[in-house]
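Participant: Supplied in structure tokens, the structure appears directly below.
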Amino acid sequence: MTEKNNNQEKVGVYVCHCGTNISKVVDVEEVAKWAGEQPNVEVSRDYKFMCSSLGQELIEQDIKEKGLTRIVCASCSPHMHEKTFRNACERAGLNPFLFEMTNIREHDSWITDDKHAATEKAKSLVRGSIDRVVHHEPLDEIPVEINPNTLVVGGGIAGITSALELADAGYHVYLVEREPSIGGHMAQLDKTFPTLDCSACILTPKMVDVGQHDNITLLTWSEVEKVDGYLGNFTVTVRKKARFVNEEHCTGCGICIEKCPFKEVDEVFEAGMGERKVIYRPFPQAVPKYPVIDKENCVYFKTGKCKACEKFCPTEPNSIDFEQEDEMLMLDVGNIILATGYDLFDAKKIPQYGYGKLDNVFTSLEFERMVNASGPTDGKIVLRDKESKPKSVAIVHCVGSRDENYNKYCSKVCCMYSLKFAHLVHERIPDAEIYDCYIDMRTPGKGYEEFYNRLLEEGTHFIRGKVAEITDAARIPEEEGKLIVQVEDTLIGRQRRVPVDMVILSPAMEARAGSKEVSQLFKMGCDFDGFFVERHPKLDPVATMTDGIYIAGACQGPKDVPESVVQGAAAAARVAGLISRGTVMMEPVRASIDQDACSGCKICNNMCPYNAITFHEDNEVSEVITALCQGCGTCVAACPSGVITGAHFTNEQLFSQIEGILWDVRPEKTIA
Amino acid sequence: MADKPTFSQEISNLMYAAHGSPVNNCIQCGTCSGSCPAVEFMDQTPRRLIGMINADLKDDVLDTNTYWVCASCYHCSVRCPANIDIAGVMYAVKRYSIWNKTYADDLVGPVFSETFMKTIARSGRSYEPILAPTYIFGFGAKEFFQEVQGATKMMLKGRIPVLPTKIKRLKKFRNMMKRIVPVGEEE
């Protein structure tokens with residue numbers, strides 16, 4: 001052992017085995033022994049599980065008995081246990097920021113089998129931390145107050161659940177929805193699997209609750225434009241699009257809708273299956289009840305004539321307001337829950353399925369609208385001609401799911417809703433033959449497999465095979481005028497051509513178009529498929545990497561109604577927890593500007609993503625407002641004079657760490 | 001390490017000209033067999049052939065006619081959701097069968113393929129009057145004459161050249177062939 005300099009810091013190094021996670025690749029004993037010989041190190045140990053109570057006590061004991069002033073723990077990612085060890089330091093009377101964590105698991109043992117290289121890398125990383133930690137300074141956590149208001153983006157079932165949970169707990173919620181009414185995709189469905197309860201019947205009471213709740217400000221026909229701030233103190237800019245209907249006067253009587261002489265195909269709510277007026281309410285139970293004028297198609301906006309809605313509006317004063325303009329609202333909220341839902345895969349992308357070319361190929365949402373009693377065909381299952389009943393129906397699973405050419409993932413809900421479709425056809429057209437073509441029947445869930453068994457009993461013809469193509473080119477007389485579903489029945493190993501009248505495709509659930517932009521707007525992550533990324537896939541499924549931003553429902557990945565509800569409630573619980581605490585402690589990682597050295601160039605002012613830097617005109621220097629700063633480090637890197645310092649990330653600390661990591665290749669060592 | 005590769009590994013190794021995933025990525029969905037225009041002439045569907053390859057049933061795989069019947073239309077390769085080049089698999093099994101001489105003597109496929117490759121290697125173009133004898137005698141008398149009649153008509157109209165033609169820069173083409181197809185080295 002080298003002689004210790006008593007004037008310097010006393011560092012304790014703890015190397016964790018993590019069971020065998022680290023020790024099976026890294027020679028932890030060797031690393032610990034080696035670390036003990038490094039400058040400033042007073043004590044160095046290895047231990048099976050540093051994060052265990054006994055491991056933590058080891059640190060506490062050494063701090064107290066040996067008077068350690070700095071601690072380095074070489075173990076897993078700081079995401080996992082940095083907090084654990086900081087607390088251990090604090091209990092022993094050491095400032096928690098005099099601790100440094102070295103990741104020799106995710107960054108080392110998990111990424112190689114080469115024991116020698118892994119051990120050498122562990123040494124380098126540990127040495128970097130030792131050299132860094134001696135330059136650490138004691139810091140105090142900064143308290144941040146949580147604004148009790150919450151923003152929920154998306155008024156589908158997940159967003160509705162979140163909003164109601166929080167509102168019922170007594171907190172104010174702003175619910176922003178892009179469409180004229182809340183309800184989302186669930187409002188379009190007819191029945192919900194596996195219990196077959198009517199979707200609208202279970203959803204509309206919740207919608208009504210949202211509409212009438214004192215604690216909910218409902219902003220439909222609105223979109224979030226800008227998000228500033230951070231956990232506890234977000235400022236959100238919302239564009240409330242012009243409805244051209246004055247919500248204060250409108251009674252929702254619907255006379256304007258009745259009298260409007262023009263119709264358009266409803267591509268959104270009716271999935272192109274039905275029409276709506278140009279002034280419309282997506283569906284009768286819409287919340288709020290106020291209609292919207294579709295400006296693009298309104299004849300008054302196009303030609304300046306008509307105004308039928310205004311003429312017939314019975315309210316006093318008139319509720320129709322053609323002069324209405326988009327309104328910008330600034331909302332102050334403490335937390336944000338994103339529940340923006342999903343888009344249906346565009347089946348036209350798979351040409352061999354013929355959607356868009358062959359009339360009687362339908363998508364799942366089209367079929368949902370068709371079987372819906374309040375839908376465009378009043379619940380009658382008919383072909384595109386709106387008259388003839390199909391005598392045979394094929395249901396095609398995995399359209400754009402489980403397919404490297406489109407989406408690699410399984411969309412999870414299609415098997416179940418396909419079974420539901422089969423049941424609904426059996427129910428409405430008892431003598432129809434139903435062919436259900438699946439790759440694997442995936443029915444994990446309470447009562448789901450039982451539902452599959454029910455369909456087997458009802459006599460659905462199940463064909464195990466992915467449909468190869470759907471065509472109207474007949475080869476034999478029986479196929480004339482029919483759609484032919486060509487598929488291998490893999491259980492008998494034979495290609496089959498099944499002639500049917502109607503085909504229902506079950507397309508994948510995809511991330512919303514533009515979800516990448518949305519993730520940037522809210523400064524959080526989005527995966528390759530466009531779904532938002534949770535903080536931890538198992539243990540933190542509704543939080544994101546950005547504090548104060550939560551996700552719920554299908555925007556995180558394909559989900560059915562019960563799962564969306566669970567996530568909506570979970571996100572609300574997380575937010576409610578923060579609100580009831582009132583204040584949270586934030587890491588004191590903040591930037592500060594040396595007022596004497598600042599040249600006043602203002603370069604940092606516009607770079608700050610949190611608008612946390614102000615410029616003092618009187619003495620021409622910039623200053624960081626600590627309360628707003630999030631410690632991202634942008635200004636530190638940008639400052640041409642190098643006078644901005646990030647606490648806990650000072651130049652001295654970082655350069656020492658780099659030099660420590662490069663301990664064996666540093667020039668002075670080569671010279672020596 | 002030095003273990004003998006399994007049959008499915010050998011087939012995967014033979015797919016050097018193919019793109020996409022190895023055969024063990026197959027999810028047995030049947031898109032290939034569903035799309036196949038020649039499946040009714042096969043004694044095992046393409047999906048089953050892949051299943052048999054993955055189960056290392058070498059003799060059973062080589063006994064099938066599936067890979068010889070394949071018309072190389074590539075419908076399966078284009079549609080495969082697991083991104084396996086199934087037509088490429090068929091070629092791999094063909095090569096395996098030719099190199100190991102595991103096919104029956106009277107089988108048209110191997111002789112046809114070999115003659116085709118030789119013609120290409122020699123002149124850079126296929127030439128039907130040389131290629132046709134490899135399969136045409138397997139036909140019945142009536143079909144034989146129909147075929148000959150048709151060919152004569154096409155020749156008169158210039159659709160089939162009377163003499164074999166060569167491509168330009170044949171030597172460079174042969175060098176290229178040597179690189180990618182070991183068979184091209186013959187002569």
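Ordered as shown in the structure tokens, chains take letters A, B, and onward, while each chain numbers its residues from 1 and ligands are numbered from 1 in the order shown.
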Can you write out as a Markdown table which residues of chain A fall within 8 Å of chain B, alongside each residue's closest atom pair and its distance in Å to one decimal, counting only C-alpha atoms and ordering rows by chain and ascending residue number?
Facilitator:
| residue | atom | partner | partner_atom | distance |
| --- | --- | --- | --- | --- |
| A:Arg402 | CA | B:Pro81 | CA | 6.8 |
| A:Asp403 | CA | B:Pro81 | CA | 4.1 |
| A:Glu404 | CA | B:Pro81 | CA | 5.2 |
| A:Asn405 | CA | B:Pro81 | CA | 6.3 |
| A:Ile439 | CA | B:Cys29 | CA | 5.2 |
| A:Arg464 | CA | B:Cys29 | CA | 7.6 |
| A:Gly465 | CA | B:Cys29 | CA | 5.1 |
| A:Lys466 | CA | B:Cys29 | CA | 5.2 |
| A:Val467 | CA | B:Thr31 | CA | 6.3 |
| A:Ala468 | CA | B:Gly34 | CA | 5.0 |
| A:Glu469 | CA | B:Ser35 | CA | 6.9 |
| A:Gln486 | CA | B:Gly34 | CA | 5.9 |
| A:Val487 | CA | B:Gly34 | CA | 4.3 |
| A:Glu488 | CA | B:Gly34 | CA | 4.4 |
| A:Asp489 | CA | B:Gly30 | CA | 7.4 |
| A:Thr490 | CA | B:Gly30 | CA | 6.1 |
| A:Gly493 | CA | B:Thr45 | CA | 6.5 |
| A:Arg494 | CA | B:Thr45 | CA | 7.1 |
| A:Gln495 | CA | B:Gly34 | CA | 5.5 |
| A:Arg496 | CA | B:Gly34 | CA | 7.4 |
Participant: Just want the 8 Å neighbourhood of Ser622 in chain A, counted on only C-alpha atoms, with same-chain residues fewer than 2 positions away dropped. Output as a list of chain:residue names.
Facilitator: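 Listing them by chain and then by number gives A:Ile593, A:Gln595, A:Cys598, A:Gly600, A:Lys602, A:Asn605, A:Ile613, A:Thr614, A:Phe615, A:His616, A:Glu620, A:Val624.
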Participant: Identify all residues of range 159-372 of chain A in alpha helix (DSSP H) (DSSP on the backbone) and supply them as an MDAnalysis selection string.
Facilitator: chainID A and resid 159:168 199:212 255:259 299:303 308:312 364:371
Participant: May I ask which of the residues A:Tyr452, A:Tyr47, A:Phe283, A:Phe462 is the closest one to Gly183 in chain A, counting only C-alpha atoms?
Facilitator: A:Phe283
Participant: At a cut-off of 12 Å, using only C-alpha atoms, what residues contact Val299 in chain A? Leave out same-chain residues fewer than 6 positions from it and give the result as a count of residues only.
Facilitator: 15
Participant: Please give the complete set of residues from range 196-427 of chain A that DSSP, run on the backbone, assigns to strand (DSSP E), formatted as a PDB file with N, CA and C atoms, in the first residue's frame.
Facilitator:
ATOM      1  N   ASP A 197     -70.384  -6.305 -23.147  1.00  0.00           N
ATOM      2  CA  ASP A 197     -71.229  -5.183 -22.755  1.00  0.00           C
ATOM      3  C   ASP A 197     -71.061  -4.047 -23.761  1.00  0.00           C
ATOM      4  N   CYS A 198     -72.130  -3.314 -23.923  1.00  0.00           N
ATOM      5  CA  CYS A 198     -72.199  -2.253 -24.915  1.00  0.00           C
ATOM      6  C   CYS A 198     -71.198  -1.172 -24.541  1.00  0.00           C
ATOM      7  N   ILE A 216     -63.010  19.596 -13.424  1.00  0.00           N
ATOM      8  CA  ILE A 216     -62.441  19.359 -14.754  1.00  0.00           C
ATOM      9  C   ILE A 216     -62.782  20.508 -15.688  1.00  0.00           C
ATOM     10  N   THR A 217     -61.746  21.097 -16.287  1.00  0.00           N
ATOM     11  CA  THR A 217     -61.958  22.059 -17.353  1.00  0.00           C
ATOM     12  C   THR A 217     -61.766  21.304 -18.652  1.00  0.00           C
ATOM     13  N   LEU A 218     -62.845  21.168 -19.408  1.00  0.00           N
ATOM     14  CA  LEU A 218     -62.806  20.368 -20.627  1.00  0.00           C
ATOM     15  C   LEU A 218     -62.498  21.267 -21.817  1.00  0.00           C
ATOM     16  N   LEU A 219     -61.425  20.963 -22.515  1.00  0.00           N
ATOM     17  CA  LEU A 219     -61.043  21.755 -23.681  1.00  0.00           C
ATOM     18  C   LEU A 219     -61.033  20.847 -24.899  1.00  0.00           C
ATOM     19  N   SER A 222     -59.242  21.230 -29.275  1.00  0.00           N
ATOM     20  CA  SER A 222     -58.084  22.006 -28.829  1.00  0.00           C
ATOM     21  C   SER A 222     -56.824  21.161 -28.958  1.00  0.00           C
ATOM     22  N   GLU A 223     -55.714  21.839 -29.136  1.00  0.00           N
ATOM     23  CA  GLU A 223     -54.451  21.109 -29.237  1.00  0.00           C
ATOM     24  C   GLU A 223     -53.349  21.827 -28.476  1.00  0.00           C
ATOM     25  N   VAL A 224     -52.445  21.038 -27.901  1.00  0.00           N
ATOM     26  CA  VAL A 224     -51.314  21.614 -27.184  1.00  0.00           C
ATOM     27  C   VAL A 224     -50.287  22.099 -28.203  1.00  0.00           C
ATOM     28  N   GLU A 225     -49.870  23.366 -28.056  1.00  0.00           N
ATOM     29  CA  GLU A 225     -48.922  23.936 -29.008  1.00  0.00           C
ATOM     30  C   GLU A 225     -47.513  23.996 -28.444  1.00  0.00           C
ATOM     31  N   LYS A 226     -47.413  24.250 -27.131  1.00  0.00           N
ATOM     32  CA  LYS A 226     -46.092  24.510 -26.576  1.00  0.00           C
ATOM     33  C   LYS A 226     -46.084  24.112 -25.110  1.00  0.00           C
ATOM     34  N   VAL A 227     -44.967  23.561 -24.664  1.00  0.00           N
ATOM     35  CA  VAL A 227     -44.833  23.168 -23.267  1.00  0.00           C
ATOM     36  C   VAL A 227     -43.541  23.763 -22.730  1.00  0.00           C
ATOM     37  N   ASP A 228     -43.649  24.575 -21.693  1.00  0.00           N
ATOM     38  CA  ASP A 228     -42.467  25.136 -21.040  1.00  0.00           C
ATOM     39  C   ASP A 228     -42.453  24.673 -19.592  1.00  0.00           C
ATOM     40  N   GLY A 229     -41.284  24.776 -18.971  1.00  0.00           N
ATOM     41  CA  GLY A 229     -41.212  24.498 -17.543  1.00  0.00           C
ATOM     42  C   GLY A 229     -40.767  23.094 -17.237  1.00  0.00           C
ATOM     43  N   TYR A 230     -41.059  22.674 -16.035  1.00  0.00           N
ATOM     44  CA  TYR A 230     -40.516  21.418 -15.525  1.00  0.00           C
ATOM     45  C   TYR A 230     -41.450  20.912 -14.452  1.00  0.00           C
ATOM     46  N   ASN A 233     -44.102  22.783 -12.308  1.00  0.00           N
ATOM     47  CA  ASN A 233     -44.344  24.136 -12.809  1.00  0.00           C
ATOM     48  C   ASN A 233     -44.287  24.208 -14.333  1.00  0.00           C
ATOM     49  N   PHE A 234     -45.188  23.508 -14.980  1.00  0.00           N
ATOM     50  CA  PHE A 234     -45.250  23.603 -16.438  1.00  0.00           C
ATOM     51  C   PHE A 234     -46.156  24.756 -16.838  1.00  0.00           C
ATOM     52  N   THR A 235     -45.795  25.400 -17.948  1.00  0.00           N
ATOM     53  CA  THR A 235     -46.728  26.338 -18.573  1.00  0.00           C
ATOM     54  C   THR A 235     -47.027  25.797 -19.965  1.00  0.00           C
ATOM     55  N   VAL A 236     -48.302  25.511 -20.209  1.00  0.00           N
ATOM     56  CA  VAL A 236     -48.680  24.854 -21.452  1.00  0.00           C
ATOM     57  C   VAL A 236     -49.538  25.804 -22.281  1.00  0.00           C
ATOM     58  N   THR A 237     -49.177  25.942 -23.552  1.00  0.00           N
ATOM     59  CA  THR A 237     -49.974  26.774 -24.450  1.00  0.00           C
ATOM     60  C   THR A 237     -50.908  25.862 -25.242  1.00  0.00           C
ATOM     61  N   VAL A 238     -52.199  26.137 -25.143  1.00  0.00           N
ATOM     62  CA  VAL A 238     -53.197  25.306 -25.819  1.00  0.00           C
ATOM     63  C   VAL A 238     -53.941  26.156 -26.848  1.00  0.00           C
ATOM     64  N   ARG A 239     -54.051  25.637 -28.069  1.00  0.00           N
ATOM     65  CA  ARG A 239     -54.843  26.335 -29.090  1.00  0.00           C
ATOM     66  C   ARG A 239     -56.258  25.774 -29.052  1.00  0.00           C
ATOM     67  N   LYS A 240     -57.199  26.651 -28.717  1.00  0.00           N
ATOM     68  CA  LYS A 240     -58.599  26.258 -28.732  1.00  0.00           C
ATOM     69  C   LYS A 240     -59.127  26.672 -30.093  1.00  0.00           C
ATOM     70  N   LYS A 263     -73.800  17.686 -46.626  1.00  0.00           N
ATOM     71  CA  LYS A 263     -73.266  16.505 -45.941  1.00  0.00           C
ATOM     72  C   LYS A 263     -71.845  16.216 -46.409  1.00  0.00           C
ATOM     73  N   GLU A 264     -71.092  15.629 -45.525  1.00  0.00           N
ATOM     74  CA  GLU A 264     -69.729  15.193 -45.851  1.00  0.00           C
ATOM     75  C   GLU A 264     -69.556  13.772 -45.342  1.00  0.00           C
ATOM     76  N   VAL A 265     -68.639  13.008 -45.976  1.00  0.00           N
ATOM     77  CA  VAL A 265     -68.321  11.679 -45.459  1.00  0.00           C
ATOM     78  C   VAL A 265     -67.530  11.855 -44.161  1.00  0.00           C
ATOM     79  N   ASP A 266     -67.964  11.162 -43.120  1.00  0.00           N
ATOM     80  CA  ASP A 266     -67.284  11.279 -41.835  1.00  0.00           C
ATOM     81  C   ASP A 266     -66.140  10.262 -41.770  1.00  0.00           C
ATOM     82  N   GLY A 274     -70.085   6.471 -42.902  1.00  0.00           N
ATOM     83  CA  GLY A 274     -71.326   7.240 -42.876  1.00  0.00           C
ATOM     84  C   GLY A 274     -71.062   8.698 -43.168  1.00  0.00           C
ATOM     85  N   GLU A 275     -72.132   9.476 -43.150  1.00  0.00           N
ATOM     86  CA  GLU A 275     -72.003  10.895 -43.447  1.00  0.00           C
ATOM     87  C   GLU A 275     -72.353  11.711 -42.216  1.00  0.00           C
ATOM     88  N   ARG A 276     -71.906  12.935 -42.222  1.00  0.00           N
ATOM     89  CA  ARG A 276     -72.314  13.873 -41.190  1.00  0.00           C
ATOM     90  C   ARG A 276     -72.582  15.201 -41.875  1.00  0.00           C
ATOM     91  N   LYS A 277     -73.284  16.085 -41.145  1.00  0.00           N
ATOM     92  CA  LYS A 277     -73.513  17.412 -41.690  1.00  0.00           C
ATOM     93  C   LYS A 277     -72.224  18.222 -41.594  1.00  0.00           C
ATOM     94  N   ILE A 279     -72.061  21.227 -40.201  1.00  0.00           N
ATOM     95  CA  ILE A 279     -72.037  21.565 -38.769  1.00  0.00           C
ATOM     96  C   ILE A 279     -72.475  20.291 -38.066  1.00  0.00           C
ATOM     97  N   TYR A 280     -71.630  19.821 -37.160  1.00  0.00           N
ATOM     98  CA  TYR A 280     -71.892  18.473 -36.653  1.00  0.00           C
ATOM     99  C   TYR A 280     -71.437  18.268 -35.223  1.00  0.00           C
ATOM    100  N   VAL A 292     -69.771  21.688 -33.995  1.00  0.00           N
ATOM    101  CA  VAL A 292     -68.615  22.338 -34.578  1.00  0.00           C
ATOM    102  C   VAL A 292     -68.898  22.546 -36.052  1.00  0.00           C
ATOM    103  N   ILE A 293     -68.446  23.689 -36.598  1.00  0.00           N
ATOM    104  CA  ILE A 293     -68.574  23.866 -38.049  1.00  0.00           C
ATOM    105  C   ILE A 293     -67.274  23.439 -38.704  1.00  0.00           C
ATOM    106  N   GLU A 327     -58.312  30.497 -30.172  1.00  0.00           N
ATOM    107  CA  GLU A 327     -57.978  31.176 -28.932  1.00  0.00           C
ATOM    108  C   GLU A 327     -56.741  30.492 -28.358  1.00  0.00           C
ATOM    109  N   MET A 328     -55.793  31.286 -27.838  1.00  0.00           N
ATOM    110  CA  MET A 328     -54.626  30.673 -27.218  1.00  0.00           C
ATOM    111  C   MET A 328     -54.770  30.753 -25.708  1.00  0.00           C
ATOM    112  N   LEU A 329     -54.677  29.607 -25.033  1.00  0.00           N
ATOM    113  CA  LEU A 329     -54.801  29.587 -23.586  1.00  0.00           C
ATOM    114  C   LEU A 329     -53.464  29.203 -22.967  1.00  0.00           C
ATOM    115  N   MET A 330     -53.111  29.864 -21.880  1.00  0.00           N
ATOM    116  CA  MET A 330     -51.897  29.497 -21.155  1.00  0.00           C
ATOM    117  C   MET A 330     -52.324  28.806 -19.864  1.00  0.00           C
ATOM    118  N   LEU A 331     -51.924  27.558 -19.695  1.00  0.00           N
ATOM    119  CA  LEU A 331     -52.306  26.815 -18.502  1.00  0.00           C
ATOM    120  C   LEU A 331     -51.084  26.560 -17.636  1.00  0.00           C
ATOM    121  N   ASP A 332     -51.217  26.828 -16.333  1.00  0.00           N
ATOM    122  CA  ASP A 332     -50.142  26.487 -15.400  1.00  0.00           C
ATOM    123  C   ASP A 332     -50.492  25.179 -14.730  1.00  0.00           C
ATOM    124  N   VAL A 333     -49.672  24.180 -14.947  1.00  0.00           N
ATOM    125  CA  VAL A 333     -49.939  22.862 -14.357  1.00  0.00           C
ATOM    126  C   VAL A 333     -48.672  22.306 -13.731  1.00  0.00           C
ATOM    127  N   ASN A 335     -48.239  18.738 -13.379  1.00  0.00           N
ATOM    128  CA  ASN A 335     -47.931  17.460 -14.017  1.00  0.00           C
ATOM    129  C   ASN A 335     -48.737  17.330 -15.305  1.00  0.00           C
ATOM    130  N   ILE A 336     -48.257  16.473 -16.194  1.00  0.00           N
ATOM    131  CA  ILE A 336     -48.936  16.263 -17.468  1.00  0.00           C
ATOM    132  C   ILE A 336     -49.095  14.763 -17.694  1.00  0.00           C
ATOM    133  N   ILE A 337     -50.293  14.345 -18.054  1.00  0.00           N
ATOM    134  CA  ILE A 337     -50.514  12.944 -18.414  1.00  0.00           C
ATOM    135  C   ILE A 337     -50.859  12.898 -19.900  1.00  0.00           C
ATOM    136  N   LEU A 338     -50.091  12.127 -20.660  1.00  0.00           N
ATOM    137  CA  LEU A 338     -50.357  11.988 -22.084  1.00  0.00           C
ATOM    138  C   LEU A 338     -51.131  10.704 -22.317  1.00  0.00           C
ATOM    139  N   TYR A 342     -54.029   5.729 -30.244  1.00  0.00           N
ATOM    140  CA  TYR A 342     -53.390   5.040 -31.371  1.00  0.00           C
ATOM    141  C   TYR A 342     -54.063   5.391 -32.684  1.00  0.00           C
ATOM    142  N   ASP A 343     -53.422   5.005 -33.768  1.00  0.00           N
ATOM    143  CA  ASP A 343     -54.021   5.057 -35.103  1.00  0.00           C
ATOM    144  C   ASP A 343     -54.152   3.634 -35.608  1.00  0.00           C
ATOM    145  N   LEU A 344     -55.119   3.424 -36.472  1.00  0.00           N
ATOM    146  CA  LEU A 344     -55.258   2.102 -37.074  1.00  0.00           C
ATOM    147  C   LEU A 344     -54.332   2.016 -38.279  1.00  0.00           C
ATOM    148  N   VAL A 361     -64.104  -5.669 -48.815  1.00  0.00           N
ATOM    149  CA  VAL A 361     -63.064  -5.851 -47.804  1.00  0.00           C
ATOM    150  C   VAL A 361     -63.178  -4.654 -46.852  1.00  0.00           C
ATOM    151  N   PHE A 362     -63.432  -4.943 -45.574  1.00  0.00           N
ATOM    152  CA  PHE A 362     -63.636  -3.885 -44.573  1.00  0.00           C
ATOM    153  C   PHE A 362     -62.510  -3.902 -43.547  1.00  0.00           C
ATOM    154  N   THR A 363     -62.287  -2.766 -42.904  1.00  0.00           N
ATOM    155  CA  THR A 363     -61.359  -2.774 -41.767  1.00  0.00           C
ATOM    156  C   THR A 363     -62.166  -2.957 -40.484  1.00  0.00           C
ATOM    157  N   SER A 392     -71.346 -15.481 -46.128  1.00  0.00           N
ATOM    158  CA  SER A 392     -70.088 -16.012 -45.602  1.00  0.00           C
ATOM    159  C   SER A 392     -69.127 -14.839 -45.371  1.00  0.00           C
ATOM    160  N   VAL A 393     -68.403 -14.926 -44.266  1.00  0.00           N
ATOM    161  CA  VAL A 393     -67.524 -13.830 -43.870  1.00  0.00           C
ATOM    162  C   VAL A 393     -66.164 -14.415 -43.481  1.00  0.00           C
ATOM    163  N   ALA A 394     -65.099 -13.774 -43.950  1.00  0.00           N
ATOM    164  CA  ALA A 394     -63.760 -14.182 -43.498  1.00  0.00           C
ATOM    165  C   ALA A 394     -63.176 -13.070 -42.653  1.00  0.00           C
ATOM    166  N   ILE A 395     -62.522 -13.443 -41.562  1.00  0.00           N
ATOM    167  CA  ILE A 395     -61.867 -12.473 -40.688  1.00  0.00           C
ATOM    168  C   ILE A 395     -60.369 -12.737 -40.763  1.00  0.00           C
ATOM    169  N   VAL A 396     -59.609 -11.689 -41.038  1.00  0.00           N
ATOM    170  CA  VAL A 396     -58.178 -11.851 -41.280  1.00  0.00           C
ATOM    171  C   VAL A 396     -57.395 -11.206 -40.137  1.00  0.00           C
ATOM    172  N   HIS A 397     -56.664 -12.015 -39.400  1.00  0.00           N
ATOM    173  CA  HIS A 397     -55.845 -11.500 -38.291  1.00  0.00           C
ATOM    174  C   HIS A 397     -54.520 -10.948 -38.805  1.00  0.00           C
ATOM    175  N   CYS A 398     -53.814 -10.273 -37.905  1.00  0.00           N
ATOM    176  CA  CYS A 398     -52.418  -9.865 -38.147  1.00  0.00           C
ATOM    177  C   CYS A 398     -52.229  -9.086 -39.446  1.00  0.00           C
ATOM    178  N   VAL A 399     -53.091  -8.103 -39.705  1.00  0.00           N
ATOM    179  CA  VAL A 399     -52.918  -7.259 -40.889  1.00  0.00           C
ATOM    180  C   VAL A 399     -51.973  -6.125 -40.501  1.00  0.00           C
TER     181      VAL A 399
END
Participant: Within 6 Å of Ala87 in chain B, counting only C-alpha atoms, which residues show up once you throw out same-chain ones fewer than 3 positions away? Write them as a PyMOL selection string, please.
Facilitator: chain B and resi 72+74+90
Participant: Could you state the separation of CA of Glu60 in chain A and CA of Cys89 in chain A in Å, given to one decimal place?
Facilitator: 6.3 Å
Participant: Figure out the distance between CA of Gly124 in chain B and CA of Tyr96 in chain B, please, to one decimal in Å.
Facilitator: 24.1 Å
Participant: Compile the contact shell of Ala167 in chain A as a PyMOL selection string: residues with an atom at most 10 Å away, counting only C-alpha atoms, same-chain residues fewer than 2 positions apart removed.
Facilitator: chain A and resi 149-150+161-165+169-174+210+213-217+572+576
Participant: Would you compute the distance between CA of Ala569 in chain A and CA of Val542 in chain A? Give it in Å to one decimal.
Facilitator: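 Interatomic distance here is 9.8 Å.
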